[in-house]
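Heads up, model-v3.txt below (compact mmCIF, C-alpha atoms):
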# COMPACT_ATOMS: atom_id res chain seq x y z
CA MET A 28 0.00 0.00 0.00
CA ASP A 29 1.02 3.60 -0.34
CA GLY A 30 2.04 5.83 2.56
CA SER A 31 -1.25 7.69 2.78
CA GLY A 32 -2.36 5.74 5.85
CA GLY A 33 -5.74 4.92 4.33
CA GLN A 34 -7.61 1.96 5.77
CA ARG A 35 -8.08 -1.20 3.78
CA VAL A 36 -9.63 -4.61 4.21
CA ILE A 37 -6.95 -7.00 5.32
CA GLY A 38 -6.38 -10.35 3.75
CA ASP A 39 -3.69 -12.90 3.15
CA ARG A 40 -0.76 -12.36 0.84
CA ASP A 41 -2.88 -13.28 -2.17
CA GLY A 42 -5.52 -10.72 -1.34
CA GLU A 43 -8.22 -13.09 -0.05
CA ALA A 44 -10.14 -11.53 2.84
CA SER A 45 -9.51 -13.18 6.21
CA ILE A 46 -12.18 -14.59 8.46
CA ASP A 47 -12.24 -12.73 11.76
CA SER A 48 -12.54 -14.48 15.10
CA PRO A 49 -15.99 -14.00 16.67
CA ALA A 50 -14.34 -11.89 19.39
CA LEU A 51 -11.68 -10.11 17.32
CA LYS A 52 -11.70 -8.09 14.14
CA PHE A 53 -8.20 -7.31 12.94
CA GLU A 54 -7.87 -4.08 10.97
CA LEU A 55 -4.67 -3.07 9.20
CA VAL A 56 -4.49 0.72 9.08
CA ALA A 57 -1.05 1.26 7.55
CA GLN A 58 2.11 -0.62 6.59
CA CYS A 59 5.58 0.95 6.58
CA SER A 60 6.91 1.04 3.03
CA VAL A 61 10.47 0.20 4.19
CA THR A 62 10.22 -2.11 7.20
CA ARG A 63 7.70 -4.66 8.47
CA ALA A 64 6.27 -2.13 10.94
CA ARG A 65 2.51 -1.78 10.79
CA ALA A 66 -0.32 0.10 12.49
CA THR A 67 -3.43 -1.92 13.27
CA VAL A 68 -6.58 -1.89 15.36
CA LEU A 69 -7.63 -4.95 17.35
CA HIS A 70 -11.39 -4.66 17.72
CA LEU A 71 -11.84 -6.53 21.01
CA PRO A 72 -15.07 -7.02 22.99
CA HIS A 73 -14.20 -4.14 25.34
CA HIS A 74 -12.01 -1.85 23.24
CA GLY A 75 -10.54 -1.08 19.85
CA ALA A 76 -6.85 -1.38 20.75
CA GLU A 77 -4.45 0.55 18.53
CA THR A 78 -1.08 -1.03 17.81
CA PRO A 79 1.84 -1.03 18.13
CA MET A 80 1.05 -1.02 21.84
CA PHE A 81 2.69 -1.65 25.18
CA MET A 82 0.61 -3.47 27.79
CA PRO A 83 1.49 -2.76 31.45
CA VAL A 84 1.50 -5.75 33.75
CA GLY A 85 -1.26 -5.50 36.35
CA THR A 86 -0.62 -8.69 38.29
CA GLN A 87 -3.98 -8.75 40.06
CA GLY A 88 -5.81 -6.49 37.65
CA SER A 89 -3.98 -3.32 38.67
CA VAL A 90 -0.49 -1.87 38.31
CA LYS A 91 1.10 -1.50 41.72
CA GLY A 92 0.43 1.99 43.08
CA LEU A 93 -1.79 3.17 40.21
CA SER A 94 -5.54 3.39 39.78
CA ALA A 95 -7.53 2.30 36.75
CA ARG A 96 -8.33 5.95 36.14
CA GLN A 97 -4.65 6.89 35.94
CA LEU A 98 -3.95 4.08 33.48
CA LEU A 99 -6.94 5.12 31.38
CA GLU A 100 -6.82 8.91 31.42
CA ASP A 101 -3.14 9.66 32.03
CA ALA A 102 -1.36 6.77 30.32
CA ASN A 103 -4.02 5.93 27.69
CA VAL A 104 -3.38 2.22 28.15
CA GLN A 105 -5.10 0.13 25.48
CA VAL A 106 -4.85 -3.33 27.05
CA LEU A 107 -3.91 -4.28 30.61
CA LEU A 108 -2.23 -7.59 31.38
CA GLY A 109 -3.49 -9.67 34.30
CA ASN A 110 -1.83 -12.71 35.84
CA THR A 111 -3.92 -15.89 35.95
CA TYR A 112 -1.85 -17.53 38.67
CA HIS A 113 -2.17 -14.61 41.10
CA LEU A 114 -5.84 -13.95 40.28
CA ALA A 115 -6.60 -17.63 40.81
CA LEU A 116 -5.03 -17.41 44.28
CA ARG A 117 -6.84 -14.19 45.20
CA PRO A 118 -9.75 -13.62 44.81
CA GLY A 119 -10.07 -16.91 42.88
CA GLY A 120 -11.70 -17.89 39.60
CA ASP A 121 -15.13 -18.62 41.10
CA ALA A 122 -15.19 -15.27 42.89
CA MET A 123 -14.11 -13.42 39.72
CA ASP A 124 -16.88 -15.10 37.75
CA ALA A 125 -19.50 -14.34 40.42
CA LEU A 126 -18.41 -10.69 40.55
CA GLY A 127 -18.88 -10.21 36.81
CA GLY A 128 -15.34 -10.84 35.57
CA ILE A 129 -12.22 -8.74 35.65
CA HIS A 130 -13.66 -5.68 33.89
CA GLU A 131 -16.46 -5.29 36.42
CA PHE A 132 -14.25 -6.32 39.32
CA THR A 133 -11.54 -3.73 38.58
CA GLN A 134 -13.70 -1.13 36.84
CA TRP A 135 -11.32 -1.24 33.88
CA PRO A 136 -13.28 -0.43 30.70
CA ARG A 137 -10.72 -1.36 28.04
CA GLY A 138 -8.99 -4.54 26.92
CA VAL A 139 -7.51 -7.14 29.24
CA LEU A 140 -5.10 -9.98 28.44
CA THR A 141 -4.42 -12.78 30.89
CA ASP A 142 -1.41 -15.08 30.75
CA SER A 143 -1.82 -18.81 31.31
CA GLY A 144 -0.14 -18.96 34.71
CA GLY A 145 2.42 -21.49 33.54
CA PHE A 146 5.41 -19.16 33.65
CA GLN A 147 4.76 -18.30 37.31
CA MET A 148 4.39 -21.99 38.14
CA VAL A 149 7.86 -22.73 36.83
CA SER A 150 9.74 -19.53 37.68
CA LEU A 151 8.33 -18.58 41.08
CA LEU A 152 7.57 -21.87 42.77
CA GLN A 153 9.94 -24.46 44.16
CA PHE A 154 9.72 -28.08 43.09
CA ALA A 155 7.44 -27.41 40.10
CA GLN A 156 7.41 -30.35 37.71
CA ILE A 157 6.04 -30.50 34.17
CA THR A 158 4.49 -33.69 32.84
CA GLU A 159 2.20 -34.38 29.91
CA GLU A 160 -0.73 -33.89 32.28
CA GLY A 161 0.28 -30.36 33.29
CA VAL A 162 2.36 -28.40 35.80
CA HIS A 163 2.63 -29.97 39.27
CA PHE A 164 3.52 -27.49 41.99
CA GLN A 165 3.31 -26.82 45.69
CA SER A 166 0.74 -24.29 46.86
CA PRO A 167 2.41 -21.17 48.32
CA VAL A 168 -0.57 -20.82 50.65
CA ASP A 169 -0.66 -24.14 52.51
CA GLY A 170 1.97 -26.32 50.83
CA THR A 171 -0.47 -28.79 49.30
CA GLN A 172 0.33 -30.37 45.96
CA MET A 173 -1.56 -28.81 43.06
CA LEU A 174 -1.85 -29.33 39.31
CA LEU A 175 -2.36 -26.77 36.55
CA THR A 176 -3.52 -28.44 33.34
CA PRO A 177 -4.29 -26.76 30.00
CA GLU A 178 -7.98 -27.33 30.75
CA ARG A 179 -7.73 -25.78 34.21
CA SER A 180 -5.81 -22.75 32.93
CA ILE A 181 -8.41 -22.06 30.24
CA HIS A 182 -11.29 -22.60 32.68
CA ILE A 183 -9.84 -20.03 35.11
CA GLN A 184 -9.23 -17.57 32.29
CA ASN A 185 -12.82 -18.07 31.09
CA GLN A 186 -13.93 -17.19 34.61
CA ILE A 187 -11.69 -14.10 34.74
CA GLY A 188 -13.19 -12.91 31.46
CA ALA A 189 -10.25 -11.21 29.70
CA ASP A 190 -10.55 -10.21 26.05
CA ILE A 191 -7.40 -12.20 25.19
CA ILE A 192 -6.40 -15.40 26.94
CA MET A 193 -3.14 -17.29 26.50
CA ALA A 194 -2.70 -21.01 25.96
CA LEU A 195 -0.75 -22.95 28.56
CA ASP A 196 2.65 -23.73 27.10
CA ASP A 197 5.68 -25.67 28.29
CA VAL A 198 8.08 -22.90 29.28
CA VAL A 199 11.84 -23.32 29.22
CA SER A 200 14.56 -20.73 29.63
CA SER A 201 15.84 -19.16 26.43
CA THR A 202 19.34 -20.27 27.38
CA THR A 203 18.31 -23.93 27.67
CA THR A 204 19.68 -26.24 24.99
CA GLY A 205 19.34 -29.89 24.11
CA PRO A 206 16.39 -32.32 24.12
CA ARG A 207 14.40 -30.39 26.72
CA VAL A 208 13.76 -27.56 24.21
CA GLU A 209 12.34 -29.93 21.61
CA GLU A 210 10.27 -31.72 24.24
CA ALA A 211 8.76 -28.40 25.37
CA MET A 212 8.03 -27.32 21.81
CA HIS A 213 6.15 -30.51 20.94
CA ARG A 214 4.27 -30.47 24.25
CA THR A 215 3.23 -26.87 23.61
CA ILE A 216 1.66 -28.03 20.33
CA ARG A 217 -0.14 -30.92 22.01
CA TRP A 218 -1.39 -28.65 24.76
CA ILE A 219 -2.82 -26.07 22.34
CA ASP A 220 -5.35 -28.66 21.16
CA ARG A 221 -6.40 -29.28 24.75
CA CYS A 222 -6.71 -25.53 25.29
CA ILE A 223 -8.87 -25.13 22.18
CA ALA A 224 -11.15 -27.97 23.27
CA ALA A 225 -11.51 -26.52 26.77
CA HIS A 226 -12.20 -22.95 25.61
CA ALA A 227 -15.88 -22.34 26.43
CA LYS A 228 -16.19 -18.65 25.53
CA LYS A 229 -14.96 -18.34 21.95
CA HIS A 230 -17.68 -15.76 21.27
CA CYS A 231 -16.21 -13.23 23.70
CA GLN A 232 -12.60 -14.29 24.40
CA ASN A 233 -9.68 -14.77 22.04
CA LEU A 234 -7.26 -17.66 22.58
CA PHE A 235 -3.70 -16.87 21.47
CA GLY A 236 -1.12 -19.59 20.90
CA ILE A 237 2.52 -19.25 21.91
CA VAL A 238 5.40 -20.12 19.58
CA GLN A 239 8.14 -22.00 21.42
CA GLY A 240 11.35 -23.65 20.24
CA GLY A 241 14.11 -21.80 22.07
CA LEU A 242 16.77 -20.29 19.83
CA ASP A 243 16.50 -23.09 17.28
CA LEU A 244 14.86 -21.66 14.16
CA GLU A 245 13.86 -25.05 12.79
CA MET A 246 11.96 -25.84 15.97
CA ARG A 247 10.41 -22.37 15.91
CA LYS A 248 9.26 -23.03 12.33
CA TRP A 249 7.75 -26.38 13.26
CA CYS A 250 5.87 -24.84 16.19
CA LEU A 251 4.55 -21.77 14.36
CA ASP A 252 3.48 -23.87 11.36
CA GLU A 253 1.49 -26.17 13.63
CA LEU A 254 -0.07 -23.26 15.52
CA SER A 255 -0.93 -21.47 12.28
CA ARG A 256 -2.84 -24.55 11.12
CA ARG A 257 -5.15 -24.09 14.13
CA ASN A 258 -6.22 -20.68 12.75
CA LEU A 259 -6.11 -19.00 16.15
CA PRO A 260 -7.17 -15.36 16.64
CA GLY A 261 -3.57 -14.32 17.42
CA TYR A 262 -0.07 -15.56 18.09
CA ALA A 263 2.65 -14.83 20.64
CA ILE A 264 6.40 -15.29 20.45
CA GLY A 265 7.36 -16.80 23.78
CA GLY A 266 10.49 -18.06 25.47
CA LEU A 267 12.62 -14.93 24.97
CA SER A 268 14.00 -12.17 27.25
CA GLY A 269 15.54 -14.81 29.47
CA GLY A 270 19.18 -13.85 29.18
CA GLU A 271 19.89 -14.87 25.60
CA GLU A 272 22.27 -12.84 23.45
CA LYS A 273 20.58 -9.94 21.70
CA ASP A 274 21.85 -11.10 18.34
CA LYS A 275 19.96 -14.36 18.79
CA PHE A 276 16.92 -12.61 20.27
CA TRP A 277 16.22 -10.42 17.25
CA ARG A 278 16.82 -13.22 14.78
CA VAL A 279 14.16 -15.38 16.45
CA VAL A 280 11.71 -12.46 16.45
CA ALA A 281 12.40 -11.66 12.79
CA PHE A 282 12.09 -15.32 11.81
CA CYS A 283 8.70 -15.65 13.52
CA THR A 284 7.13 -12.39 12.33
CA GLN A 285 8.08 -13.21 8.75
CA ARG A 286 6.23 -16.52 8.91
CA LEU A 287 3.26 -15.94 11.21
CA PRO A 288 -0.09 -15.18 9.54
CA TYR A 289 -0.09 -11.67 8.13
CA ASP A 290 -3.70 -10.99 9.13
CA LYS A 291 -3.37 -11.89 12.83
CA PRO A 292 -1.89 -9.99 15.80
CA ARG A 293 1.73 -10.73 16.75
CA TYR A 294 2.65 -10.48 20.41
CA CYS A 295 6.24 -10.59 21.74
CA MET A 296 5.99 -11.68 25.36
CA GLY A 297 8.02 -10.17 28.19
CA VAL A 298 9.84 -7.56 26.10
CA GLY A 299 10.03 -4.12 27.71
CA TYR A 300 13.26 -2.21 27.03
CA PRO A 301 12.47 0.79 24.79
CA ILE A 302 15.12 -0.06 22.18
CA ASP A 303 13.81 -3.65 22.04
CA LEU A 304 10.29 -2.37 21.35
CA VAL A 305 11.41 -0.04 18.56
CA VAL A 306 13.47 -2.75 16.87
CA CYS A 307 10.71 -5.35 17.23
CA VAL A 308 8.12 -2.96 15.80
CA ALA A 309 10.37 -2.64 12.75
CA LEU A 310 10.44 -6.45 12.58
CA GLY A 311 6.63 -6.59 12.55
CA VAL A 312 5.54 -7.08 16.19
CA ASP A 313 2.25 -5.47 17.29
CA MET A 314 2.03 -6.07 21.05
CA PHE A 315 4.41 -6.08 24.03
CA ASP A 316 4.25 -6.52 27.79
CA CYS A 317 6.81 -6.33 30.59
CA VAL A 318 7.15 -5.52 34.29
CA TYR A 319 10.30 -3.50 33.55
CA PRO A 320 8.82 0.05 33.52
CA SER A 321 7.07 -0.37 36.88
CA ARG A 322 9.77 -2.47 38.52
CA THR A 323 12.61 -0.10 37.60
CA ALA A 324 10.48 2.81 38.88
CA ARG A 325 10.41 1.26 42.33
CA PHE A 326 14.21 1.50 42.33
CA GLY A 327 14.05 5.22 41.54
CA THR A 328 14.85 4.95 37.83
CA ALA A 329 12.88 6.81 35.17
CA LEU A 330 12.70 6.13 31.44
CA VAL A 331 13.54 9.22 29.39
CA SER A 332 14.09 10.00 25.73
CA THR A 333 17.86 9.94 26.22
CA GLY A 334 18.06 6.67 28.16
CA LEU A 335 17.54 6.14 31.89
CA LEU A 336 17.51 8.73 34.65
CA LYS A 337 18.48 7.80 38.19
CA ILE A 338 16.30 9.99 40.41
CA ARG A 339 18.29 9.00 43.49
CA ALA A 340 21.54 10.40 42.06
CA LYS A 341 22.96 13.38 43.94
CA SER A 342 22.82 15.49 40.78
CA MET A 343 19.00 15.41 41.03
CA GLU A 344 19.01 17.13 44.44
CA THR A 345 18.54 20.68 43.10
CA ASP A 346 17.43 19.97 39.53
CA PRO A 347 14.24 21.96 38.78
CA ARG A 348 13.49 20.24 35.49
CA PRO A 349 10.82 17.59 34.99
CA ILE A 350 11.87 13.97 34.55
CA ASP A 351 11.74 14.39 30.78
CA GLN A 352 11.14 17.74 29.11
CA GLU A 353 9.69 15.97 26.06
CA CYS A 354 7.11 14.06 28.12
CA SER A 355 3.52 15.25 28.45
CA CYS A 356 2.53 13.02 31.38
CA PRO A 357 0.99 14.54 34.56
CA VAL A 358 4.16 13.82 36.56
CA CYS A 359 6.37 15.78 34.19
CA ALA A 360 3.76 18.55 34.03
CA LYS A 361 3.74 19.06 37.82
CA TYR A 362 6.84 17.78 39.56
CA SER A 363 10.58 18.41 39.41
CA ARG A 364 13.42 15.97 39.59
CA ALA A 365 14.45 17.61 42.86
CA TYR A 366 11.04 16.90 44.41
CA LEU A 367 11.10 13.26 43.37
CA HIS A 368 14.70 12.97 44.59
CA ALA A 369 13.65 14.32 47.98
CA LEU A 370 10.86 11.76 48.19
CA THR A 371 12.83 8.65 47.31
CA PRO A 372 14.67 8.13 50.61
CA LYS A 373 11.78 9.34 52.80
CA ASP A 374 8.58 8.28 51.07
CA GLY A 375 9.43 5.59 48.60
CA THR A 376 5.78 4.76 48.05
CA VAL A 377 4.83 8.17 46.65
CA ALA A 378 8.01 8.47 44.59
CA ALA A 379 7.56 4.96 43.19
CA GLN A 380 3.95 5.72 42.29
CA LEU A 381 4.86 8.91 40.42
CA ILE A 382 7.83 7.39 38.58
CA THR A 383 5.76 4.33 37.69
CA LEU A 384 3.08 6.52 36.17
CA HIS A 385 5.70 8.43 34.20
CA ASN A 386 7.41 5.25 32.97
CA ILE A 387 4.18 3.70 31.74
CA CYS A 388 3.23 6.98 30.07
CA TYR A 389 6.64 7.02 28.41
CA MET A 390 6.13 3.52 27.00
CA THR A 391 2.62 4.17 25.74
CA GLN A 392 3.68 7.50 24.22
CA LEU A 393 6.63 5.79 22.52
CA MET A 394 4.30 3.27 20.88
CA ARG A 395 1.78 5.97 19.90
CA SER A 396 4.59 7.94 18.27
CA ALA A 397 5.72 4.83 16.39
CA ARG A 398 2.15 4.23 15.26
CA GLN A 399 1.73 7.78 13.99
CA ALA A 400 5.05 7.55 12.14
CA ILE A 401 3.90 4.34 10.46
CA ILE A 402 0.61 5.91 9.39
CA LEU A 403 2.49 8.89 7.90
CA ASP A 404 5.03 6.47 6.36
CA LYS A 405 7.81 8.18 8.33
CA PHE A 406 8.80 5.26 10.53
CA PRO A 407 12.47 5.18 9.39
CA GLN A 408 12.79 8.83 10.47
CA PHE A 409 11.17 7.94 13.81
CA VAL A 410 13.79 5.20 14.29
CA ARG A 411 16.62 7.57 13.39
CA ASP A 412 15.42 10.19 15.88
CA PHE A 413 14.94 7.63 18.63
CA MET A 414 18.38 6.11 18.17
CA LEU A 415 20.17 9.47 18.00
CA LYS A 416 18.61 10.54 21.29
CA GLN A 417 19.53 7.28 22.96
CA TYR A 418 23.03 7.19 21.42
CA PRO A 419 24.09 10.75 20.54
CA ARG A 420 27.61 9.54 19.68
CA ARG A 421 26.10 7.09 17.18
CA ASN A 422 27.69 4.17 19.00
CA TYR A 423 24.64 2.05 18.30
CA PRO A 424 24.48 -1.55 19.54
CA ALA A 425 25.55 -3.77 16.67
CA TRP A 426 22.62 -6.16 17.16
CA ALA A 427 20.08 -3.34 16.76
CA VAL A 428 21.74 -2.04 13.59
CA GLU A 429 21.84 -5.52 12.07
CA ALA A 430 18.20 -6.14 12.98
CA LEU A 431 17.08 -2.87 11.41
CA GLU A 432 19.18 -3.50 8.31
CA SER A 433 17.58 -6.92 7.87
CA VAL A 434 14.08 -5.66 7.10
CA GLY A 435 12.52 -3.78 4.23
CA SER A 436 12.07 -5.49 0.85
CA GLY A 437 15.79 -5.65 0.09
CA THR A 438 16.36 -2.03 1.15
CA GLN A 439 19.32 -1.60 3.46
CA LEU A 440 17.67 0.07 6.42
CA GLY A 441 21.05 0.94 7.89
CA GLY A 442 21.67 3.31 4.99
CA ASN A 443 18.27 4.92 5.31
CA VAL A 444 18.02 5.13 9.07
CA LEU A 445 21.31 4.58 10.87
CA ALA A 446 24.99 5.03 10.37
CA LYS A 447 26.41 1.90 11.97
CA GLY A 448 28.66 2.80 14.88
CA GLU A 449 31.20 0.72 16.71
CA ALA A 450 29.91 -2.58 18.03
CA LEU A 451 29.72 -2.30 21.81
CA ASP A 452 30.14 -5.13 24.25
CA GLU A 453 26.94 -5.95 26.15
CA TRP A 454 28.10 -4.24 29.33
CA LYS A 455 28.97 -1.10 27.40
CA VAL A 456 25.54 -1.02 25.79
CA LEU A 457 23.89 -1.23 29.19
CA ALA A 458 26.14 1.48 30.56
CA ALA A 459 25.29 3.73 27.62
CA CYS A 460 21.62 3.44 28.53
CA TRP A 461 22.11 4.66 32.10
CA VAL A 462 22.18 8.36 31.36
CA HIS A 463 22.65 10.77 34.25
CA LEU A 464 21.57 14.26 33.23

Turn the structure described in the file into structure tokens.
Amino acid sequence: MDGSGGQRVIGDRDGEASIDSPALKFELVAQCSVTRARATVLHLPHHGAETPMFMPVGTQGSVKGLSARQLLEDANVQVLLGNTYHLALRPGGDAMDALGGIHEFTQWPRGVLTDSGGFQMVSLLQFAQITEEGVHFQSPVDGTQMLLTPERSIHIQNQIGADIIMALDDVVSSTTTGPRVEEAMHRTIRWIDRCIAAHAKKHCQNLFGIVQGGLDLEMRKWCLDELSRRNLPGYAIGGLSGGEEKDKFWRVVAFCTQRLPYDKPRYCMGVGYPIDLVVCVALGVDMFDCVYPSRTARFGTALVSTGLLKIRAKSMETDPRPIDQECSCPVCAKYSRAYLHALTPKDGTVAAQLITLHNICYMTQLMRSARQAIILDKFPQFVRDFMLKQYPRRNYPAWAVEALESVGSGTQLGGNVLAKGEALDEWKVLAACWVHL
């Protein structure tokens, strides 16, 4: 399509119109003429969510320290992520169902996505074991042995009532190698059929499958091909952001986005660093979630257009400027760095709340800016501006440059968007992000 941003009916690569899920209409608004970046609308039961979008993690239906009103009016959040494991513990699936589901329970009017609970089973609990039946674990409440099956996960998510629900998958670390990765990939495929059979609310909830396979592209292909045959409403790329090298991370993302159905949403799970989002948008990802913006806020660190800002640093003590002079959030409109610095050692709760709100606003604004650039067919310029602010010396991370150069119908994105700088070691890249103004 041209760069006018006009809407069109989406279809497959041969132009045949796609069949929407009963609970999801996928609308392609614009496609970048250089990269795989795209602007879409996911017409969900509770909201028309505009992508690319960042979804804050609200473990029990709320982001720690923030109200639904702040997320809606201040941060303009499109979809909020809830955690099935924690919601099942408190208040419980039966209680959620009796109280009208998560939207009524939390008074959140827009979209909600719930994860399957499997990741928490494996990562947070001791002695969790995965068998073909499901995930066996010890209750953190009373120590009794419990079992989370694909059927049980879907049943709880049906009770919670989110717009998007995730299939239970067999989760392994991205740094795991050997037979365990292949075992998990095949089990994830077997479990998706059990999830589909157990899904009782297809008319109002969308079941997304999760592509597994570790860093092995052949296994990723096998998994995504099998999931695509199920014609699910959407697909997630799972098993990343677990400590793998960035060069391998982007190659898995690029491989999956190139092969997943063009007319379905693509969700990269657990990705939350700003540069990762920008690169993955260029690779064709629509949706992201991560605890990073809220978690780093609780340590007194703010996300800004030039990197990261440590509010606890002594240089903030008398700084009258807002966190980020380019940010339009309520925190930057009202409070100075000096004020937030004064709060951090004395009233960490208030400071954490304000920085959390700013950080989530930063992420949602970043994705809205990317979306607008795609619609205007100016996404390469958006990438250039973003990278220059983050790396004013042009010492761009080599992995990001290579990822950006890899997309765009044979066009070398590096020539259009970036001048490739020196390749930095991983620790140098991280240090470059921690900007103290």

Between range 394-437 of chain A and range 371-389 of chain A, at 12 Å or less, what are the per-residue closest atom pairs and their distances in Å? Count all atoms listed in the file, order by chain and rising residue number, and return it as a Markdown table.
| residue | atom | partner | partner_atom | distance |
| --- | --- | --- | --- | --- |
| A:Met394 | CA | A:Tyr389 | CA | 8.7 |
| A:Arg395 | CA | A:Tyr389 | CA | 9.9 |
| A:Ser396 | CA | A:Tyr389 | CA | 10.4 |

Query raised in the report: Residues at most 7 Å from range 166-180 of chain A, counting all atoms listed in the file, excluding those fewer than 5 positions away in the same chain, as a list in words?
Result: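 Residues meeting the cut-off are Ser143, Glu160, Gly161, Leu195, Trp218, Arg221, Cys222 and Ala225 of chain A.
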
Query raised in the report: Do you have the CA of Phe282 in chain A-CA of Thr62 in chain A distance handy?
Result: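 One can read the CA of Phe282 in chain A to CA of Thr62 in chain A distance as 14.1 Å.
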
Report task. Record the distance separating CA of Lys273 in chain A and CA of Phe409 in chain A, expressed in Å with one decimal. Result ->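 The value is 21.7 Å.
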
Query raised in the report: Counting all atoms listed in the file, which of A:Cys356, A:Ala400, A:Cys317, A:Val84 gets nearest to Gly297 in chain A?
Result: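 Checking each candidate against Gly297 in chain A, we get A:Cys317 as the closest.
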
Query raised in the report: So, counting only C-alpha atoms, which residue among A:Pro320, A:His368, A:Ser89, A:Leu330 is closest to Met343 in chain A?
Result: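 Among the listed residues, the smallest separation from Met343 in chain A belongs to A:His368.
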
Since the input lacks some atoms of range 308-313 of chain A, please model all heavy atoms and print them as a PDB file, keeping the file's coordinate frame.
ATOM      1  N   VAL A 308       9.160  -3.558  16.646  1.00  0.00           N
ATOM      2  CA  VAL A 308       8.120  -2.960  15.800  1.00  0.00           C
ATOM      3  C   VAL A 308       8.578  -2.967  14.350  1.00  0.00           C
ATOM      4  O   VAL A 308       7.815  -3.300  13.431  1.00  0.00           O
ATOM      5  CB  VAL A 308       7.785  -1.526  16.263  1.00  0.00           C
ATOM      6  CG1 VAL A 308       6.933  -0.790  15.209  1.00  0.00           C
ATOM      7  CG2 VAL A 308       7.025  -1.565  17.585  1.00  0.00           C
ATOM      8  N   ALA A 309       9.830  -2.610  14.112  1.00  0.00           N
ATOM      9  CA  ALA A 309      10.370  -2.640  12.750  1.00  0.00           C
ATOM     10  C   ALA A 309      10.340  -4.049  12.168  1.00  0.00           C
ATOM     11  O   ALA A 309      10.171  -4.223  10.956  1.00  0.00           O
ATOM     12  CB  ALA A 309      11.798  -2.100  12.734  1.00  0.00           C
ATOM     13  N   LEU A 310      10.455  -5.057  13.035  1.00  0.00           N
ATOM     14  CA  LEU A 310      10.440  -6.450  12.580  1.00  0.00           C
ATOM     15  C   LEU A 310       9.026  -6.979  12.390  1.00  0.00           C
ATOM     16  O   LEU A 310       8.850  -8.096  11.909  1.00  0.00           O
ATOM     17  CB  LEU A 310      11.190  -7.329  13.577  1.00  0.00           C
ATOM     18  CG  LEU A 310      12.688  -7.041  13.748  1.00  0.00           C
ATOM     19  CD1 LEU A 310      13.283  -7.949  14.829  1.00  0.00           C
ATOM     20  CD2 LEU A 310      13.437  -7.209  12.440  1.00  0.00           C
ATOM     21  N   GLY A 311       8.006  -6.192  12.805  1.00  0.00           N
ATOM     22  CA  GLY A 311       6.630  -6.590  12.550  1.00  0.00           C
ATOM     23  C   GLY A 311       5.822  -7.015  13.745  1.00  0.00           C
ATOM     24  O   GLY A 311       4.739  -7.599  13.596  1.00  0.00           O
ATOM     25  N   VAL A 312       6.287  -6.732  14.977  1.00  0.00           N
ATOM     26  CA  VAL A 312       5.540  -7.080  16.190  1.00  0.00           C
ATOM     27  C   VAL A 312       4.516  -5.992  16.479  1.00  0.00           C
ATOM     28  O   VAL A 312       4.772  -4.796  16.281  1.00  0.00           O
ATOM     29  CB  VAL A 312       6.490  -7.269  17.382  1.00  0.00           C
ATOM     30  CG1 VAL A 312       5.708  -7.546  18.663  1.00  0.00           C
ATOM     31  CG2 VAL A 312       7.474  -8.405  17.111  1.00  0.00           C
ATOM     32  N   ASP A 313       3.342  -6.407  16.990  1.00  0.00           N
ATOM     33  CA  ASP A 313       2.250  -5.470  17.290  1.00  0.00           C
ATOM     34  C   ASP A 313       2.082  -5.186  18.783  1.00  0.00           C
ATOM     35  O   ASP A 313       1.644  -4.101  19.153  1.00  0.00           O
ATOM     36  CB  ASP A 313       0.918  -6.052  16.782  1.00  0.00           C
ATOM     37  CG  ASP A 313       0.945  -6.405  15.319  1.00  0.00           C
ATOM     38  OD1 ASP A 313       1.297  -5.528  14.512  1.00  0.00           O
ATOM     39  OD2 ASP A 313       0.614  -7.555  14.971  1.00  0.00           O
TER      40      ASP A 313
END
